[in-house]
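S.K.: What follows is the file data.cif, containing mmCIF, C-alpha atoms:
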data_target
loop_
_atom_site.label_atom_id
_atom_site.label_comp_id
_atom_site.auth_asym_id
_atom_site.auth_seq_id
_atom_site.Cartn_x
_atom_site.Cartn_y
_atom_site.Cartn_z
CA MET A 5 71.45 165.25 74.34
CA LYS A 6 70.99 168.93 73.68
CA ILE A 7 72.52 172.22 74.74
CA TYR A 8 70.09 173.97 77.07
CA VAL A 9 72.33 176.53 78.76
CA THR A 10 75.57 178.35 78.07
CA ASN A 11 77.21 181.03 80.14
CA VAL A 12 78.84 184.41 80.14
CA PHE A 13 80.79 185.52 83.23
CA VAL A 14 79.54 188.90 84.40
CA ASP A 15 81.19 191.29 86.86
CA ASP A 16 77.87 192.23 88.47
CA GLN A 17 74.64 190.23 88.13
CA ASP A 18 72.31 193.18 88.77
CA LYS A 19 74.02 195.30 86.16
CA ALA A 20 74.12 192.35 83.77
CA GLU A 21 70.40 191.64 84.24
CA ALA A 22 69.61 195.24 83.34
CA PHE A 23 71.93 195.29 80.31
CA TYR A 24 70.94 191.91 78.89
CA THR A 25 67.20 192.64 79.23
CA ASP A 26 66.67 196.43 78.92
CA VAL A 27 69.37 197.02 76.32
CA LEU A 28 69.83 193.74 74.44
CA GLY A 29 66.16 192.76 74.75
CA PHE A 30 66.47 189.25 76.23
CA THR A 31 63.96 188.09 78.85
CA VAL A 32 64.70 186.52 82.23
CA LYS A 33 63.86 182.80 82.33
CA HIS A 34 65.24 181.68 85.70
CA ASN A 35 66.07 183.83 88.69
CA VAL A 36 66.84 181.64 91.68
CA PRO A 37 68.84 182.74 94.75
CA VAL A 38 71.98 180.64 95.26
CA GLY A 39 73.90 181.83 98.31
CA GLU A 40 75.03 185.39 97.69
CA ASN A 41 74.38 185.09 93.97
CA ARG A 42 71.58 183.96 91.67
CA TRP A 43 71.03 181.29 89.04
CA LEU A 44 70.08 183.94 86.53
CA THR A 45 69.34 182.98 82.94
CA VAL A 46 67.95 184.90 80.00
CA VAL A 47 66.49 183.73 76.70
CA SER A 48 65.93 185.35 73.35
CA ALA A 49 62.43 186.80 72.98
CA GLU A 50 62.50 185.28 69.46
CA ASP A 51 63.15 181.83 70.90
CA PRO A 52 61.89 181.61 74.51
CA ASP A 53 62.20 177.81 74.58
CA GLY A 54 65.68 177.92 73.09
CA PRO A 55 69.04 177.75 74.88
CA GLU A 56 69.39 179.88 78.01
CA LEU A 57 72.26 182.23 78.67
CA LEU A 58 73.47 181.98 82.25
CA LEU A 59 74.69 185.33 83.60
CA GLU A 60 77.26 183.72 85.86
CA PRO A 61 79.18 185.60 88.59
CA SER A 62 82.91 186.18 87.99
CA ASP A 63 83.96 185.44 91.55
CA HIS A 64 86.09 182.33 90.89
CA PRO A 65 89.74 183.52 90.97
CA ALA A 66 90.43 182.05 87.51
CA VAL A 67 87.71 184.11 85.87
CA PRO A 68 88.99 187.73 86.04
CA PRO A 69 92.38 187.00 84.40
CA TYR A 70 90.61 184.85 81.77
CA LYS A 71 88.21 187.66 80.93
CA GLU A 72 90.96 190.30 80.87
CA ALA A 73 93.09 188.21 78.51
CA LEU A 74 90.21 187.74 76.07
CA VAL A 75 89.36 191.44 76.07
CA ALA A 76 93.06 192.35 75.61
CA ASP A 77 93.13 190.35 72.36
CA GLY A 78 89.71 191.64 71.30
CA ILE A 79 88.16 188.16 71.51
CA PRO A 80 84.39 188.00 72.17
CA ALA A 81 83.16 185.91 75.09
CA HIS A 82 79.94 185.14 73.25
CA SER A 83 78.25 185.57 69.91
CA PHE A 84 74.60 186.35 69.13
CA GLN A 85 72.91 186.10 65.75
CA VAL A 86 70.83 188.95 64.34
CA GLN A 87 68.75 189.25 61.15
CA ASN A 88 69.89 192.77 60.30
CA LEU A 89 73.26 193.77 61.71
CA ASN A 90 73.17 197.42 60.65
CA ALA A 91 69.73 197.97 62.20
CA GLU A 92 70.75 196.26 65.45
CA TRP A 93 74.03 198.20 65.54
CA GLN A 94 72.18 201.51 65.11
CA ARG A 95 69.62 200.58 67.76
CA LEU A 96 72.32 199.67 70.30
CA VAL A 97 74.50 202.71 69.54
CA ALA A 98 71.43 204.91 70.18
CA LEU A 99 71.09 203.18 73.56
CA GLY A 100 74.68 204.12 74.41
CA VAL A 101 76.33 200.75 73.73
CA SER A 102 80.03 201.03 72.96
CA PHE A 103 81.20 199.07 69.90
CA THR A 104 84.86 198.04 69.65
CA VAL A 105 84.38 196.74 66.10
CA GLU A 106 81.84 198.39 63.83
CA PRO A 107 79.94 196.23 61.33
CA MET A 108 82.44 194.58 58.94
CA GLU A 109 82.57 191.75 56.43
CA ALA A 110 84.11 188.55 57.80
CA GLY A 111 83.96 185.92 55.07
CA PRO A 112 80.51 184.29 54.99
CA VAL A 113 79.17 186.55 57.75
CA ARG A 114 79.02 190.19 58.78
CA MET A 115 79.98 190.97 62.33
CA ALA A 116 80.35 193.68 64.94
CA ILE A 117 81.61 193.59 68.54
CA PHE A 118 80.42 195.56 71.55
CA ASP A 119 81.28 195.88 75.25
CA ASP A 120 78.62 194.34 77.52
CA THR A 121 79.67 196.66 80.44
CA CYS A 122 80.12 193.50 82.56
CA GLY A 123 83.69 192.71 81.50
CA ASN A 124 83.05 191.02 78.15
CA LEU A 125 83.15 191.66 74.45
CA ILE A 126 80.12 190.28 72.62
CA GLN A 127 79.97 189.55 68.91
CA LEU A 128 76.91 190.08 66.73
CA ILE A 129 76.70 187.98 63.59
CA GLU A 130 74.53 188.32 60.51
CA MET A 131 74.67 185.23 58.33
CA ALA A 132 74.95 186.02 54.63
CA GLU A 133 71.97 183.74 53.81
CA ALA A 134 69.76 185.39 56.42
CA ALA A 135 70.28 188.76 54.74
CA GLN A 136 68.85 187.56 51.44
CA MET B 16 120.58 200.65 61.36
CA THR B 17 122.80 197.94 62.81
CA ASP B 18 123.15 194.54 61.22
CA ASP B 19 121.00 193.08 64.00
CA GLN B 20 118.20 195.57 63.25
CA LEU B 21 118.51 194.86 59.53
CA ASP B 22 118.21 191.14 60.25
CA LEU B 23 115.00 191.75 62.20
CA LEU B 24 113.56 193.97 59.47
CA PHE B 25 114.30 191.63 56.57
CA LYS B 26 113.15 188.61 58.57
CA ALA B 27 109.89 190.41 59.33
CA LEU B 28 109.35 191.20 55.65
CA ALA B 29 110.35 187.74 54.41
CA ASP B 30 106.90 186.25 54.89
CA SER B 31 103.80 186.82 52.77
CA THR B 32 101.41 186.58 55.72
CA ARG B 33 103.30 189.30 57.56
CA ARG B 34 103.34 191.49 54.44
CA ARG B 35 99.54 191.05 54.16
CA ILE B 36 99.19 192.08 57.82
CA ILE B 37 101.20 195.24 57.06
CA ASP B 38 98.97 195.91 54.01
CA ARG B 39 95.82 195.61 56.12
CA LEU B 40 97.09 197.66 59.06
CA SER B 41 97.95 200.35 56.56
CA LYS B 42 94.31 200.46 55.40
CA GLN B 43 92.88 200.18 58.91
CA PRO B 44 95.10 200.92 61.91
CA ALA B 45 94.51 200.07 65.59
CA GLN B 46 93.36 196.48 65.09
CA SER B 47 93.13 193.88 67.83
CA LEU B 48 94.48 190.36 67.43
CA PHE B 49 90.90 189.18 66.84
CA GLU B 50 90.37 191.76 64.07
CA VAL B 51 93.62 190.84 62.31
CA CYS B 52 92.48 187.18 62.34
CA ALA B 53 88.97 188.07 61.11
CA ALA B 54 90.34 190.27 58.31
CA SER B 55 92.63 187.48 57.18
CA VAL B 56 89.62 185.16 56.77
CA ALA B 57 87.46 187.83 55.15
CA GLU B 58 89.98 189.22 52.68
CA ASP B 59 92.32 186.34 51.93
CA GLY B 60 90.09 183.40 52.81
CA VAL B 61 92.90 182.12 55.03
CA ALA B 62 91.89 181.00 58.50
CA LEU B 63 95.01 181.53 60.60
CA SER B 64 95.03 180.46 64.22
CA ARG B 65 95.21 183.21 66.79
CA GLN B 66 98.48 181.77 68.01
CA THR B 67 99.97 182.02 64.50
CA VAL B 68 98.81 185.61 64.06
CA SER B 69 100.06 186.47 67.53
CA GLN B 70 103.52 185.18 66.59
CA HIS B 71 103.51 187.13 63.30
CA LEU B 72 102.57 190.31 65.17
CA ALA B 73 105.40 189.70 67.65
CA VAL B 74 107.95 189.42 64.81
CA LEU B 75 106.67 192.66 63.26
CA GLU B 76 106.76 194.40 66.63
CA LYS B 77 110.31 193.21 67.30
CA ALA B 78 111.39 194.76 64.00
CA GLY B 79 109.72 198.00 65.12
CA LEU B 80 107.28 197.88 62.19
CA ILE B 81 104.21 197.94 64.41
CA GLU B 82 103.43 199.52 67.73
CA THR B 83 100.74 198.65 70.22
CA THR B 84 98.45 200.97 72.12
CA TRP B 85 95.47 200.30 74.37
CA LYS B 86 91.95 201.01 73.10
CA GLY B 87 90.20 200.76 76.42
CA ARG B 88 91.23 197.32 77.68
CA THR B 89 91.98 195.97 74.21
CA LYS B 90 95.48 195.94 72.72
CA ALA B 91 95.53 197.60 69.30
CA HIS B 92 98.21 197.17 66.61
CA SER B 93 99.20 199.93 64.21
CA LEU B 94 102.00 200.44 61.71
CA SER B 95 105.05 202.34 62.86
CA ILE B 96 107.20 202.52 59.75
CA THR B 97 110.04 205.01 60.17
CA SER B 98 112.32 206.67 57.62
CA ASP B 99 115.07 204.39 58.99
CA HIS B 100 112.99 201.38 57.94
CA ILE B 101 112.51 202.83 54.46
CA LYS B 102 116.22 203.59 54.10
CA ALA B 103 117.19 200.17 55.42
CA SER B 104 114.80 198.41 53.04
CA MET B 105 116.78 199.97 50.16
CA TRP B 106 119.99 198.35 51.34
CA LEU B 107 120.66 196.84 47.92
CA THR B 108 120.51 200.19 46.12
CA GLN B 109 124.03 200.97 47.36
CA TYR B 110 125.17 198.56 44.67
CA ALA B 111 123.01 200.01 41.92
CA GLU B 112 125.82 202.12 40.47
CA GLU B 113 128.21 199.21 40.48
CA ARG B 114 125.65 197.13 38.61
CA ASP B 115 125.05 199.90 36.05
CA GLN B 116 128.77 200.12 35.30
CA THR B 117 129.10 196.43 34.44
#
Please, can you express the file's structure as structure tokens?
M.R.:
Amino acid sequence: MKIYVTNVFVDDQDKAEAFYTDVLGFTVKHNVPVGENRWLTVVSAEDPDGPELLLEPSDHPAVPPYKEALVADGIPAHSFQVQNLNAEWQRLVALGVSFTVEPMEAGPVRMAIFDDTCGNLIQLIEMAEAAQ
Amino acid sequence: MTDDQLDLLFKALADSTRRRIIDRLSKQPAQSLFEVCAASVAEDGVALSRQTVSQHLAVLEKAGLIETTWKGRTKAHSLSITSDHIKASMWLTQYAEERDQT
């Protein structure tokens, strides 16, 4: 058994596709119409055969209050690993991404949190070992 | 300050985790629940559950020691220590003279 897909609930799939590819740099793996929405997944360009991230619509009634409650407490909906947090942070800030937490030490990792413009906070993590 | 307010203040201060939260909010204000939890792991090596931290923040807020504002859609916690709090925290000093005379 292995994990092949995980999800993030997005307010708008078109907007999410643009943000997760053009800004974050992921590539679309699956893009299949399903009713009014799409089965839309992206993968990391560094790991195209790795786990997919499903950009899932937020239209189930349970989803909006769930997302709002997480954002209210500053809790990220997802976490991505980077090799160099400061470089990635600078790159994203230059692209207009809004960070709610600037790079900070958090025990064995360094982290930052940004707004994905689709109703979620996303955490970036740099593992201490990866920095060496 | 009334006795009830004093009770809330001293109760809020009578816990080392809550005092550490005050210390950290003093260094960096406007922190979300998530940030307070992350800072507690990073600085003290103590992994507190979000529920625990949430309860600590509620006790501090009830005593009026912190206030919350909204940073976008995220709730931010900052210190709100008033001169009344400072005066009240020196409650025992009213007996200082008495002690000096004995």
S.K.: Select all residues from chain B having any atom no more than 12 Å from an atom of chain A (counting all atoms listed in the file, ignoring ligands), output as a VMD selection string.
M.R.: chain B and resid 43 45 to 62 65 to 66 68 to 69 72 83 to 92
S.K.: Write out as a VMD selection string the residues lying within 10 Å of Val74 in chain B, counting only C-alpha atoms and excluding same-chain residues fewer than 2 positions away.
M.R.: chain B and resid 23 to 24 26 to 28 33 68 to 72 76 to 81
S.K.: Would you pick out the contacts of Ala103 in chain B at 12 Å or less, using all atoms listed in the file, so that residues sharing its chain but fewer than 3 positions from it are not included, and give the list as a list of chain:residue names?
M.R.: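 My list of contacting residues is B:Met16, B:Thr17, B:Asp18, B:Asp19, B:Gln20, B:Leu21, B:Asp22, B:Leu23, B:Leu24, B:Phe25, B:Leu28, B:Ala78, B:Ile96, B:Thr97, B:Ser98, B:Asp99, B:His100, B:Trp106, B:Leu107, B:Thr108, B:Gln109.
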S.K.: Using all atoms listed in the file, which residues sit within 6 Å of Leu59 in chain A once same-chain residues fewer than 5 positions away are excluded, as number ranges by chain?
M.R.: A: 12, 44-45
S.K.: Counting only C-alpha atoms, which of B:Leu94, B:Thr32, B:Lys42, B:Ile101 gets nearest to Thr67 in chain B?
M.R.: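 Between B:Leu94, B:Thr32, B:Lys42, B:Ile101, the residue approaching Thr67 in chain B most closely is B:Thr32.
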S.K.: Within 10 Å of (76.8, 189.6, 82.9) (coordinates as in the file), grab all the protein and nucleic acid residues, counting all atoms listed in the file, and write them out as a list in words.
M.R.: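 Within the cut-off we find Asn11, Val12, Phe13, Val14, Asp15, Asp16, Gln17, Asp18, Lys19, Ala20, Glu21, Ala22, Phe23, Tyr24, Leu44, Thr45, Leu57, Leu58, Leu59, Glu60, Pro61, Ser62, Asp120, Thr121, Cys122, Gly123 and Asn124 of chain A.
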S.K.: Please determine, counting all atoms listed in the file, which residue among A:Val36, A:His64, A:Ala91, A:Ala81 has the shortest atom-to-atom distance to Thr10 in chain A.
M.R.: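 Using all atoms listed in the file, Thr10 in chain A sits closest to A:Ala81.
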S.K.: In Å, how far is it from CA of Leu96 in chain A to CA of Val27 in chain A?
M.R.: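 Calculated distance between CA of Leu96 in chain A and CA of Val27 in chain A is 7.2 Å.
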S.K.: Excluding Asn88 in chain A and residues on its chain fewer than 3 positions from it, collect all residues at most 10 Å away from it, counting all atoms listed in the file, and give them as a PyMOL selection string.
M.R.: chain A and resi 85+91-93+114+128-131+134-135
S.K.: Quote the spacing between CA of Val86 in chain A and CA of Gln127 in chain A in Å to one decimal place.
M.R.: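 Taking CA of Val86 in chain A and CA of Gln127 in chain A, their separation equals 10.2 Å.
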